[in-house]
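Visitor: After the structure tokens below, expect a handful of questions from me.
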Amino acid sequence: MRIVLVGPPGAGKGTQAHVLAKTLSIPHISTGDLFRANISQSTPLGLEAKGYMDKGQLVPDEVTIGMAKDRLLQPDTAQGFLLDGFPRNLAQAKALDEHLAAEGITLDGVLDLEVPEDEVVKRIAGRRLCRNNGAHVYHVDYNPPAVAGVCDECGGELYQRSDDTEDAVRTRLEVYHTETEPIIEYYAQQNLVTTISALGKVDEVTQRAVDALQARAAG
Ligand code: AMP
């Protein structure tokens, strides 16, 4: 399946994408994780992206679209992919459509994770990521690791993202409303969107997501 995951910061996109991608045996492609990997390796792309990310702003489209397309051309995407955090505005959504059309493929669905804004703030404040693999995501209260500060999956050190500050989160929420929400309407016009509640335990949300994707696959 070829799926796009959308939802505000803190909706649990990364957490759900990680589990869903494993369940569906397709790669989890997160542009945020790709940027963070570039930052930790101090690549020119990472250095360019960091300033925007720390402020909660979008990294410019010319950089982001090129990086996403390169990733989508990797052979592991042949059976499908789960996009997390891309596209994030209409220009990116249109660029993705053009890229897929050129490859002769289409999206199967867009999963929209819905969560109230006060919940988003709580989730982001307690979020911790693994240094080895940004897809290993925890929350100090809602989804704690067995040993504080240590990743259950790989033993990596957990850390707090530098853009999970109050100011950056406020900007990210604004950017979500103005830039990203319009893509939900864009995909709704193509009958691709299923909205699910992202409230509740991680595995409850995963079950809702799996049910929604199965319903879509069954047509
Ligand atoms: P995320 O990990 O998805 O929350 O993304 C973290 C940050 O990376 C965002 O706040 C942006 O600064 C940047 N970023 C990730 N994906 C994109 C994208 N598709 N377009 C522009 N910036 C992005």
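By order in the structure tokens, chains are A, B, ...; within a chain, residues start at 1; ligands start at 1, following the order shown.
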Taking only C-alpha atoms and all ligand atoms into account, list the residues no farther than 7 Å from ligand 1, as a PDB file with all heavy atoms, in the first residue's frame.
Guide:
ATOM      1  N   PRO A   9       1.404  18.246  14.812  1.00  0.00           N
ATOM      2  CA  PRO A   9       2.541  17.780  15.601  1.00  0.00           C
ATOM      3  C   PRO A   9       2.011  17.186  16.894  1.00  0.00           C
ATOM      4  O   PRO A   9       1.062  17.717  17.478  1.00  0.00           O
ATOM      5  CB  PRO A   9       3.339  19.068  15.879  1.00  0.00           C
ATOM      6  CG  PRO A   9       2.446  20.206  15.522  1.00  0.00           C
ATOM      7  CD  PRO A   9       1.445  19.693  14.544  1.00  0.00           C
ATOM      8  N   SER A  30       9.917   9.194   6.892  1.00  0.00           N
ATOM      9  CA  SER A  30       9.628  10.417   7.636  1.00  0.00           C
ATOM     10  C   SER A  30      10.624  11.484   7.205  1.00  0.00           C
ATOM     11  O   SER A  30      11.830  11.326   7.399  1.00  0.00           O
ATOM     12  CB  SER A  30       9.775  10.137   9.136  1.00  0.00           C
ATOM     13  OG  SER A  30      10.073  11.332   9.831  1.00  0.00           O
ATOM     14  N   THR A  31      10.118  12.572   6.626  1.00  0.00           N
ATOM     15  CA  THR A  31      11.046  13.634   6.210  1.00  0.00           C
ATOM     16  C   THR A  31      11.706  14.264   7.440  1.00  0.00           C
ATOM     17  O   THR A  31      12.875  14.636   7.397  1.00  0.00           O
ATOM     18  CB  THR A  31      10.334  14.696   5.348  1.00  0.00           C
ATOM     19  OG1 THR A  31       9.025  14.931   5.882  1.00  0.00           O
ATOM     20  CG2 THR A  31      10.220  14.256   3.913  1.00  0.00           C
ATOM     21  N   GLY A  32      10.966  14.332   8.564  1.00  0.00           N
ATOM     22  CA  GLY A  32      11.571  14.847   9.801  1.00  0.00           C
ATOM     23  C   GLY A  32      12.753  13.979  10.222  1.00  0.00           C
ATOM     24  O   GLY A  32      13.818  14.487  10.568  1.00  0.00           O
ATOM     25  N   ASP A  33      12.581  12.648  10.185  1.00  0.00           N
ATOM     26  CA  ASP A  33      13.685  11.739  10.544  1.00  0.00           C
ATOM     27  C   ASP A  33      14.852  11.893   9.559  1.00  0.00           C
ATOM     28  O   ASP A  33      16.019  11.846   9.955  1.00  0.00           O
ATOM     29  CB  ASP A  33      13.221  10.271  10.529  1.00  0.00           C
ATOM     30  CG  ASP A  33      12.390   9.910  11.757  1.00  0.00           C
ATOM     31  OD1 ASP A  33      12.316  10.734  12.691  1.00  0.00           O
ATOM     32  OD2 ASP A  33      11.799   8.812  11.763  1.00  0.00           O
ATOM     33  N   PHE A  35      15.669  14.585   7.900  1.00  0.00           N
ATOM     34  CA  PHE A  35      16.368  15.833   8.254  1.00  0.00           C
ATOM     35  C   PHE A  35      17.217  15.628   9.506  1.00  0.00           C
ATOM     36  O   PHE A  35      18.372  16.060   9.562  1.00  0.00           O
ATOM     37  CB  PHE A  35      15.373  16.973   8.485  1.00  0.00           C
ATOM     38  CG  PHE A  35      14.793  17.548   7.223  1.00  0.00           C
ATOM     39  CD1 PHE A  35      13.423  17.752   7.102  1.00  0.00           C
ATOM     40  CD2 PHE A  35      15.607  17.919   6.162  1.00  0.00           C
ATOM     41  CE1 PHE A  35      12.874  18.287   5.941  1.00  0.00           C
ATOM     42  CE2 PHE A  35      15.064  18.460   4.991  1.00  0.00           C
ATOM     43  CZ  PHE A  35      13.695  18.651   4.890  1.00  0.00           C
ATOM     44  N   TYR A  52      15.530  26.185  10.222  1.00  0.00           N
ATOM     45  CA  TYR A  52      14.066  26.192  10.050  1.00  0.00           C
ATOM     46  C   TYR A  52      13.409  25.299  11.092  1.00  0.00           C
ATOM     47  O   TYR A  52      12.407  25.661  11.702  1.00  0.00           O
ATOM     48  CB  TYR A  52      13.689  25.684   8.652  1.00  0.00           C
ATOM     49  CG  TYR A  52      14.190  26.562   7.536  1.00  0.00           C
ATOM     50  CD1 TYR A  52      15.350  26.242   6.835  1.00  0.00           C
ATOM     51  CD2 TYR A  52      13.501  27.720   7.182  1.00  0.00           C
ATOM     52  CE1 TYR A  52      15.817  27.046   5.812  1.00  0.00           C
ATOM     53  CE2 TYR A  52      13.958  28.530   6.158  1.00  0.00           C
ATOM     54  CZ  TYR A  52      15.114  28.190   5.478  1.00  0.00           C
ATOM     55  OH  TYR A  52      15.565  28.997   4.469  1.00  0.00           O
ATOM     56  N   MET A  53      13.975  24.117  11.285  1.00  0.00           N
ATOM     57  CA  MET A  53      13.349  23.147  12.192  1.00  0.00           C
ATOM     58  C   MET A  53      13.301  23.667  13.621  1.00  0.00           C
ATOM     59  O   MET A  53      12.279  23.562  14.294  1.00  0.00           O
ATOM     60  CB  MET A  53      14.108  21.820  12.149  1.00  0.00           C
ATOM     61  CG  MET A  53      13.907  21.100  10.835  1.00  0.00           C
ATOM     62  SD  MET A  53      14.923  19.639  10.703  1.00  0.00           S
ATOM     63  CE  MET A  53      14.066  18.485  11.747  1.00  0.00           C
ATOM     64  N   ASP A  54      14.412  24.249  14.075  1.00  0.00           N
ATOM     65  CA  ASP A  54      14.451  24.712  15.471  1.00  0.00           C
ATOM     66  C   ASP A  54      13.428  25.813  15.720  1.00  0.00           C
ATOM     67  O   ASP A  54      12.971  25.991  16.844  1.00  0.00           O
ATOM     68  CB  ASP A  54      15.860  25.172  15.854  1.00  0.00           C
ATOM     69  CG  ASP A  54      16.761  23.982  16.170  1.00  0.00           C
ATOM     70  OD1 ASP A  54      16.237  22.862  16.297  1.00  0.00           O
ATOM     71  OD2 ASP A  54      17.987  24.172  16.283  1.00  0.00           O
ATOM     72  N   GLY A  56      10.543  25.811  14.174  1.00  0.00           N
ATOM     73  CA  GLY A  56       9.219  25.233  13.939  1.00  0.00           C
ATOM     74  C   GLY A  56       8.669  25.544  12.559  1.00  0.00           C
ATOM     75  O   GLY A  56       7.501  25.304  12.268  1.00  0.00           O
ATOM     76  N   GLN A  57       9.548  26.123  11.693  1.00  0.00           N
ATOM     77  CA  GLN A  57       9.096  26.464  10.333  1.00  0.00           C
ATOM     78  C   GLN A  57       9.346  25.304   9.374  1.00  0.00           C
ATOM     79  O   GLN A  57      10.167  24.425   9.662  1.00  0.00           O
ATOM     80  CB  GLN A  57       9.880  27.678   9.825  1.00  0.00           C
ATOM     81  CG  GLN A  57       9.623  28.920  10.633  1.00  0.00           C
ATOM     82  CD  GLN A  57      10.640  30.021  10.351  1.00  0.00           C
ATOM     83  OE1 GLN A  57      11.626  29.814   9.628  1.00  0.00           O
ATOM     84  NE2 GLN A  57      10.429  31.172  10.941  1.00  0.00           N
ATOM     85  N   LEU A  58       8.678  25.355   8.219  1.00  0.00           N
ATOM     86  CA  LEU A  58       8.929  24.324   7.214  1.00  0.00           C
ATOM     87  C   LEU A  58      10.273  24.571   6.541  1.00  0.00           C
ATOM     88  O   LEU A  58      10.640  25.721   6.262  1.00  0.00           O
ATOM     89  CB  LEU A  58       7.837  24.340   6.141  1.00  0.00           C
ATOM     90  CG  LEU A  58       6.426  23.941   6.581  1.00  0.00           C
ATOM     91  CD1 LEU A  58       5.506  23.850   5.364  1.00  0.00           C
ATOM     92  CD2 LEU A  58       6.417  22.640   7.354  1.00  0.00           C
ATOM     93  N   VAL A  59      10.974  23.517   6.252  1.00  0.00           N
ATOM     94  CA  VAL A  59      12.189  23.593   5.437  1.00  0.00           C
ATOM     95  C   VAL A  59      11.705  23.889   4.004  1.00  0.00           C
ATOM     96  O   VAL A  59      10.674  23.369   3.579  1.00  0.00           O
ATOM     97  CB  VAL A  59      12.958  22.247   5.506  1.00  0.00           C
ATOM     98  CG1 VAL A  59      14.210  22.290   4.648  1.00  0.00           C
ATOM     99  CG2 VAL A  59      13.303  21.907   6.959  1.00  0.00           C
ATOM    100  N   PRO A  60      12.423  24.768   3.256  1.00  0.00           N
ATOM    101  CA  PRO A  60      11.932  25.148   1.922  1.00  0.00           C
ATOM    102  C   PRO A  60      11.652  23.943   1.012  1.00  0.00           C
ATOM    103  O   PRO A  60      12.335  22.919   1.076  1.00  0.00           O
ATOM    104  CB  PRO A  60      13.069  26.010   1.362  1.00  0.00           C
ATOM    105  CG  PRO A  60      13.770  26.539   2.565  1.00  0.00           C
ATOM    106  CD  PRO A  60      13.645  25.485   3.623  1.00  0.00           C
ATOM    107  N   ASP A  61      10.625  24.141   0.166  1.00  0.00           N
ATOM    108  CA  ASP A  61      10.172  23.046  -0.702  1.00  0.00           C
ATOM    109  C   ASP A  61      11.270  22.495  -1.606  1.00  0.00           C
ATOM    110  O   ASP A  61      11.320  21.288  -1.847  1.00  0.00           O
ATOM    111  CB  ASP A  61       9.005  23.526  -1.587  1.00  0.00           C
ATOM    112  CG  ASP A  61       7.718  23.663  -0.790  1.00  0.00           C
ATOM    113  OD1 ASP A  61       7.645  23.124   0.334  1.00  0.00           O
ATOM    114  OD2 ASP A  61       6.799  24.327  -1.296  1.00  0.00           O
ATOM    115  N   THR A  64      13.145  20.028   0.432  1.00  0.00           N
ATOM    116  CA  THR A  64      12.337  18.922   0.957  1.00  0.00           C
ATOM    117  C   THR A  64      11.840  18.005  -0.152  1.00  0.00           C
ATOM    118  O   THR A  64      11.914  16.766  -0.033  1.00  0.00           O
ATOM    119  CB  THR A  64      11.128  19.502   1.723  1.00  0.00           C
ATOM    120  OG1 THR A  64      11.611  20.421   2.695  1.00  0.00           O
ATOM    121  CG2 THR A  64      10.334  18.411   2.392  1.00  0.00           C
ATOM    122  N   ASP A  84       5.305   9.894   6.339  1.00  0.00           N
ATOM    123  CA  ASP A  84       5.011  10.532   7.628  1.00  0.00           C
ATOM    124  C   ASP A  84       5.648  11.921   7.625  1.00  0.00           C
ATOM    125  O   ASP A  84       6.864  12.034   7.626  1.00  0.00           O
ATOM    126  CB  ASP A  84       5.578   9.606   8.729  1.00  0.00           C
ATOM    127  CG  ASP A  84       5.867  10.301  10.046  1.00  0.00           C
ATOM    128  OD1 ASP A  84       5.355  11.400  10.274  1.00  0.00           O
ATOM    129  OD2 ASP A  84       6.618   9.703  10.843  1.00  0.00           O
ATOM    130  N   GLY A  85       4.801  12.955   7.562  1.00  0.00           N
ATOM    131  CA  GLY A  85       5.337  14.330   7.585  1.00  0.00           C
ATOM    132  C   GLY A  85       5.634  14.882   6.204  1.00  0.00           C
ATOM    133  O   GLY A  85       6.186  15.977   6.079  1.00  0.00           O
ATOM    134  N   PHE A  86       5.283  14.158   5.191  1.00  0.00           N
ATOM    135  CA  PHE A  86       5.394  14.636   3.802  1.00  0.00           C
ATOM    136  C   PHE A  86       4.213  14.053   3.025  1.00  0.00           C
ATOM    137  O   PHE A  86       3.960  12.853   3.152  1.00  0.00           O
ATOM    138  CB  PHE A  86       6.706  14.179   3.157  1.00  0.00           C
ATOM    139  CG  PHE A  86       6.865  14.676   1.738  1.00  0.00           C
ATOM    140  CD1 PHE A  86       7.448  15.908   1.486  1.00  0.00           C
ATOM    141  CD2 PHE A  86       6.386  13.930   0.661  1.00  0.00           C
ATOM    142  CE1 PHE A  86       7.569  16.376   0.184  1.00  0.00           C
ATOM    143  CE2 PHE A  86       6.509  14.402  -0.644  1.00  0.00           C
ATOM    144  CZ  PHE A  86       7.107  15.619  -0.873  1.00  0.00           C
ATOM    145  N   PRO A  87       3.503  14.818   2.239  1.00  0.00           N
ATOM    146  CA  PRO A  87       3.634  16.263   2.028  1.00  0.00           C
ATOM    147  C   PRO A  87       3.073  17.067   3.199  1.00  0.00           C
ATOM    148  O   PRO A  87       2.250  16.587   3.956  1.00  0.00           O
ATOM    149  CB  PRO A  87       2.811  16.502   0.758  1.00  0.00           C
ATOM    150  CG  PRO A  87       1.805  15.402   0.719  1.00  0.00           C
ATOM    151  CD  PRO A  87       2.449  14.223   1.369  1.00  0.00           C
ATOM    152  N   ARG A  88       3.551  18.316   3.295  1.00  0.00           N
ATOM    153  CA  ARG A  88       3.139  19.186   4.396  1.00  0.00           C
ATOM    154  C   ARG A  88       2.546  20.490   3.887  1.00  0.00           C
ATOM    155  O   ARG A  88       2.201  21.349   4.697  1.00  0.00           O
ATOM    156  CB  ARG A  88       4.370  19.495   5.240  1.00  0.00           C
ATOM    157  CG  ARG A  88       4.258  19.015   6.682  1.00  0.00           C
ATOM    158  CD  ARG A  88       5.534  19.421   7.354  1.00  0.00           C
ATOM    159  NE  ARG A  88       5.555  19.272   8.766  1.00  0.00           N
ATOM    160  CZ  ARG A  88       6.023  18.198   9.406  1.00  0.00           C
ATOM    161  NH1 ARG A  88       6.436  17.148   8.740  1.00  0.00           N
ATOM    162  NH2 ARG A  88       6.070  18.196  10.714  1.00  0.00           N
ATOM    163  N   ARG A 172       4.782  25.501  15.026  1.00  0.00           N
ATOM    164  CA  ARG A 172       4.470  24.289  14.258  1.00  0.00           C
ATOM    165  C   ARG A 172       2.959  24.082  14.139  1.00  0.00           C
ATOM    166  O   ARG A 172       2.464  23.645  13.101  1.00  0.00           O
ATOM    167  CB  ARG A 172       5.141  23.073  14.909  1.00  0.00           C
ATOM    168  CG  ARG A 172       6.630  22.999  14.556  1.00  0.00           C
ATOM    169  CD  ARG A 172       7.436  22.213  15.551  1.00  0.00           C
ATOM    170  NE  ARG A 172       7.041  20.826  15.630  1.00  0.00           N
ATOM    171  CZ  ARG A 172       7.313  20.030  16.666  1.00  0.00           C
ATOM    172  NH1 ARG A 172       7.967  20.503  17.710  1.00  0.00           N
ATOM    173  NH2 ARG A 172       6.941  18.783  16.641  1.00  0.00           N
TER     174      ARG A 172
END
Visitor: Need to verify the contact set: range 99-112 of chain A, 8 Å, only C-alpha atoms, exclusion of same-chain residues closer than 6 positions in sequence. Can you return it as a list in words?
Guide: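 With the cut-off at 8 Å, the set is Met1, Arg2, Ile3, Val4, Leu5, Val6, Gly7, Lys69, Ile184, Tyr187, Leu192, Val193, Thr194, Thr195, Ile196, Ala209, Leu213, Arg216 and Ala217 of chain A.
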Visitor: Using DSSP secondary structure from the backbone, list all strand (DSSP E or B) positions within range 82-214 of chain A, as a VMD selection string.
Guide: chain A and resid 82 to 84 109 to 114 127 to 130 137 to 139 143 150 157 to 159 193 to 197
Visitor: From a DSSP calculation on the backbone, collect every residue of range 12-205 of chain A in helix (DSSP H, G or I) and output the set as a count of residues only.
Guide: 99
Visitor: So, with only C-alpha atoms as the atoms that count, which of A:Thr171, A:Thr23, A:Gln16, A:Gln207 lies closest to Leu83 in chain A?
Guide: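 Ranked by minimum distance to Leu83 in chain A, first place goes to A:Gln16.
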Visitor: Pick out the residues sitting within 8 Å of Arg123 in chain A, and hand them over as a PyMOL selection string; count only C-alpha atoms, and ignore anything fewer than 2 positions along from it in its own chain.
Guide: chain A and resi 10-11+119-121+125-127+139
Visitor: Just to be explicit: take each residue in the selection above, keep C-alpha atoms, and write the result as a short mmCIF file (atom, residue, chain, number, x, y, z; two decimals), in the first residue's frame.
Guide:
data_model
loop_
_atom_site.label_atom_id
_atom_site.label_comp_id
_atom_site.auth_asym_id
_atom_site.auth_seq_id
_atom_site.Cartn_x
_atom_site.Cartn_y
_atom_site.Cartn_z
CA GLY A 10 2.13 15.46 18.57
CA ALA A 11 -0.69 13.43 17.02
CA GLU A 119 -3.61 17.09 24.13
CA VAL A 120 -1.00 17.92 21.49
CA VAL A 121 0.83 20.23 23.87
CA ALA A 125 6.19 18.18 26.27
CA GLY A 126 6.76 14.55 27.33
CA ARG A 127 8.00 13.16 24.03
CA HIS A 139 6.36 9.58 26.15
#
Visitor: Measuring atom to atom with only C-alpha atoms, identify which of A:Asp118, A:Glu98, A:Glu174, A:Glu157 is nearest to Cys130 in chain A.
Guide: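 Of A:Asp118, A:Glu98, A:Glu174, A:Glu157, the one nearest Cys130 in chain A, counting only C-alpha atoms, is A:Glu157.
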Visitor: Name the residues in contact with Val150 in chain A at a cut-off of 12 Å, using only C-alpha atoms, excluding same-chain residues fewer than 3 positions from it; report them as a ChimeraX atom specification.
Guide: /A:128-132,136-140,144-147,153-159
Visitor: Next, dump the selected residues to file, keeping only N, CA, C and O atoms, as a compact mmCIF listing (two decimals), in the first residue's frame.
Guide:
# COMPACT_ATOMS: atom_id res chain seq x y z
N ARG A 128 9.96 11.74 23.94
CA ARG A 128 11.39 11.43 23.91
C ARG A 128 11.67 10.52 22.71
O ARG A 128 10.89 9.63 22.41
N LEU A 129 12.81 10.77 22.06
CA LEU A 129 13.19 10.01 20.87
C LEU A 129 14.50 9.27 21.11
O LEU A 129 15.33 9.73 21.88
N CYS A 130 14.68 8.18 20.37
CA CYS A 130 15.92 7.41 20.47
C CYS A 130 16.99 8.02 19.55
O CYS A 130 16.69 8.35 18.41
N ARG A 131 18.21 8.17 20.08
CA ARG A 131 19.29 8.73 19.26
C ARG A 131 19.67 7.82 18.10
O ARG A 131 20.14 8.28 17.06
N ASN A 132 19.50 6.50 18.28
CA ASN A 132 19.87 5.56 17.21
C ASN A 132 18.85 5.53 16.09
O ASN A 132 19.20 5.31 14.94
N HIS A 136 11.82 5.32 16.94
CA HIS A 136 11.55 4.75 18.27
C HIS A 136 11.17 5.91 19.19
O HIS A 136 12.04 6.61 19.70
N VAL A 137 9.86 6.11 19.37
CA VAL A 137 9.36 7.29 20.06
C VAL A 137 8.66 6.89 21.36
O VAL A 137 7.90 5.93 21.38
N TYR A 138 8.89 7.66 22.43
CA TYR A 138 8.29 7.38 23.75
C TYR A 138 7.64 8.63 24.30
O TYR A 138 7.82 9.73 23.78
N HIS A 139 6.88 8.44 25.38
CA HIS A 139 6.36 9.58 26.15
C HIS A 139 6.59 9.25 27.61
O HIS A 139 6.30 8.13 28.04
N VAL A 140 7.08 10.23 28.37
CA VAL A 140 7.46 9.93 29.75
C VAL A 140 6.27 9.40 30.58
O VAL A 140 6.47 8.59 31.48
N PRO A 144 5.96 5.14 28.39
CA PRO A 144 7.34 5.21 28.90
C PRO A 144 8.14 3.95 28.54
O PRO A 144 7.56 2.87 28.42
N PRO A 145 9.45 4.12 28.38
CA PRO A 145 10.29 2.93 28.16
C PRO A 145 10.39 2.15 29.47
O PRO A 145 10.11 2.70 30.54
N ALA A 146 10.81 0.89 29.41
CA ALA A 146 10.93 0.06 30.63
C ALA A 146 11.95 0.68 31.59
O ALA A 146 11.75 0.71 32.79
N VAL A 147 13.06 1.18 31.03
CA VAL A 147 14.09 1.84 31.84
C VAL A 147 14.15 3.30 31.39
O VAL A 147 14.33 3.57 30.19
N GLU A 153 13.69 -0.81 22.26
CA GLU A 153 13.93 -1.59 21.05
C GLU A 153 15.41 -1.82 20.78
O GLU A 153 15.78 -2.86 20.25
N CYS A 154 16.26 -0.81 21.10
CA CYS A 154 17.66 -0.98 20.71
C CYS A 154 18.65 -0.53 21.77
O CYS A 154 19.86 -0.55 21.54
N GLY A 155 18.16 -0.09 22.94
CA GLY A 155 19.08 0.31 24.01
C GLY A 155 19.68 1.70 23.82
O GLY A 155 20.53 2.12 24.60
N GLY A 156 19.23 2.41 22.76
CA GLY A 156 19.78 3.75 22.50
C GLY A 156 19.38 4.74 23.58
O GLY A 156 18.43 4.54 24.33
N GLU A 157 20.13 5.86 23.61
CA GLU A 157 19.84 6.91 24.59
C GLU A 157 18.62 7.72 24.11
O GLU A 157 18.52 8.05 22.92
N LEU A 158 17.69 8.03 25.01
CA LEU A 158 16.53 8.84 24.63
C LEU A 158 16.83 10.32 24.86
O LEU A 158 17.55 10.68 25.79
N TYR A 159 16.29 11.18 23.99
CA TYR A 159 16.51 12.62 24.13
C TYR A 159 15.25 13.38 23.74
O TYR A 159 14.34 12.82 23.13
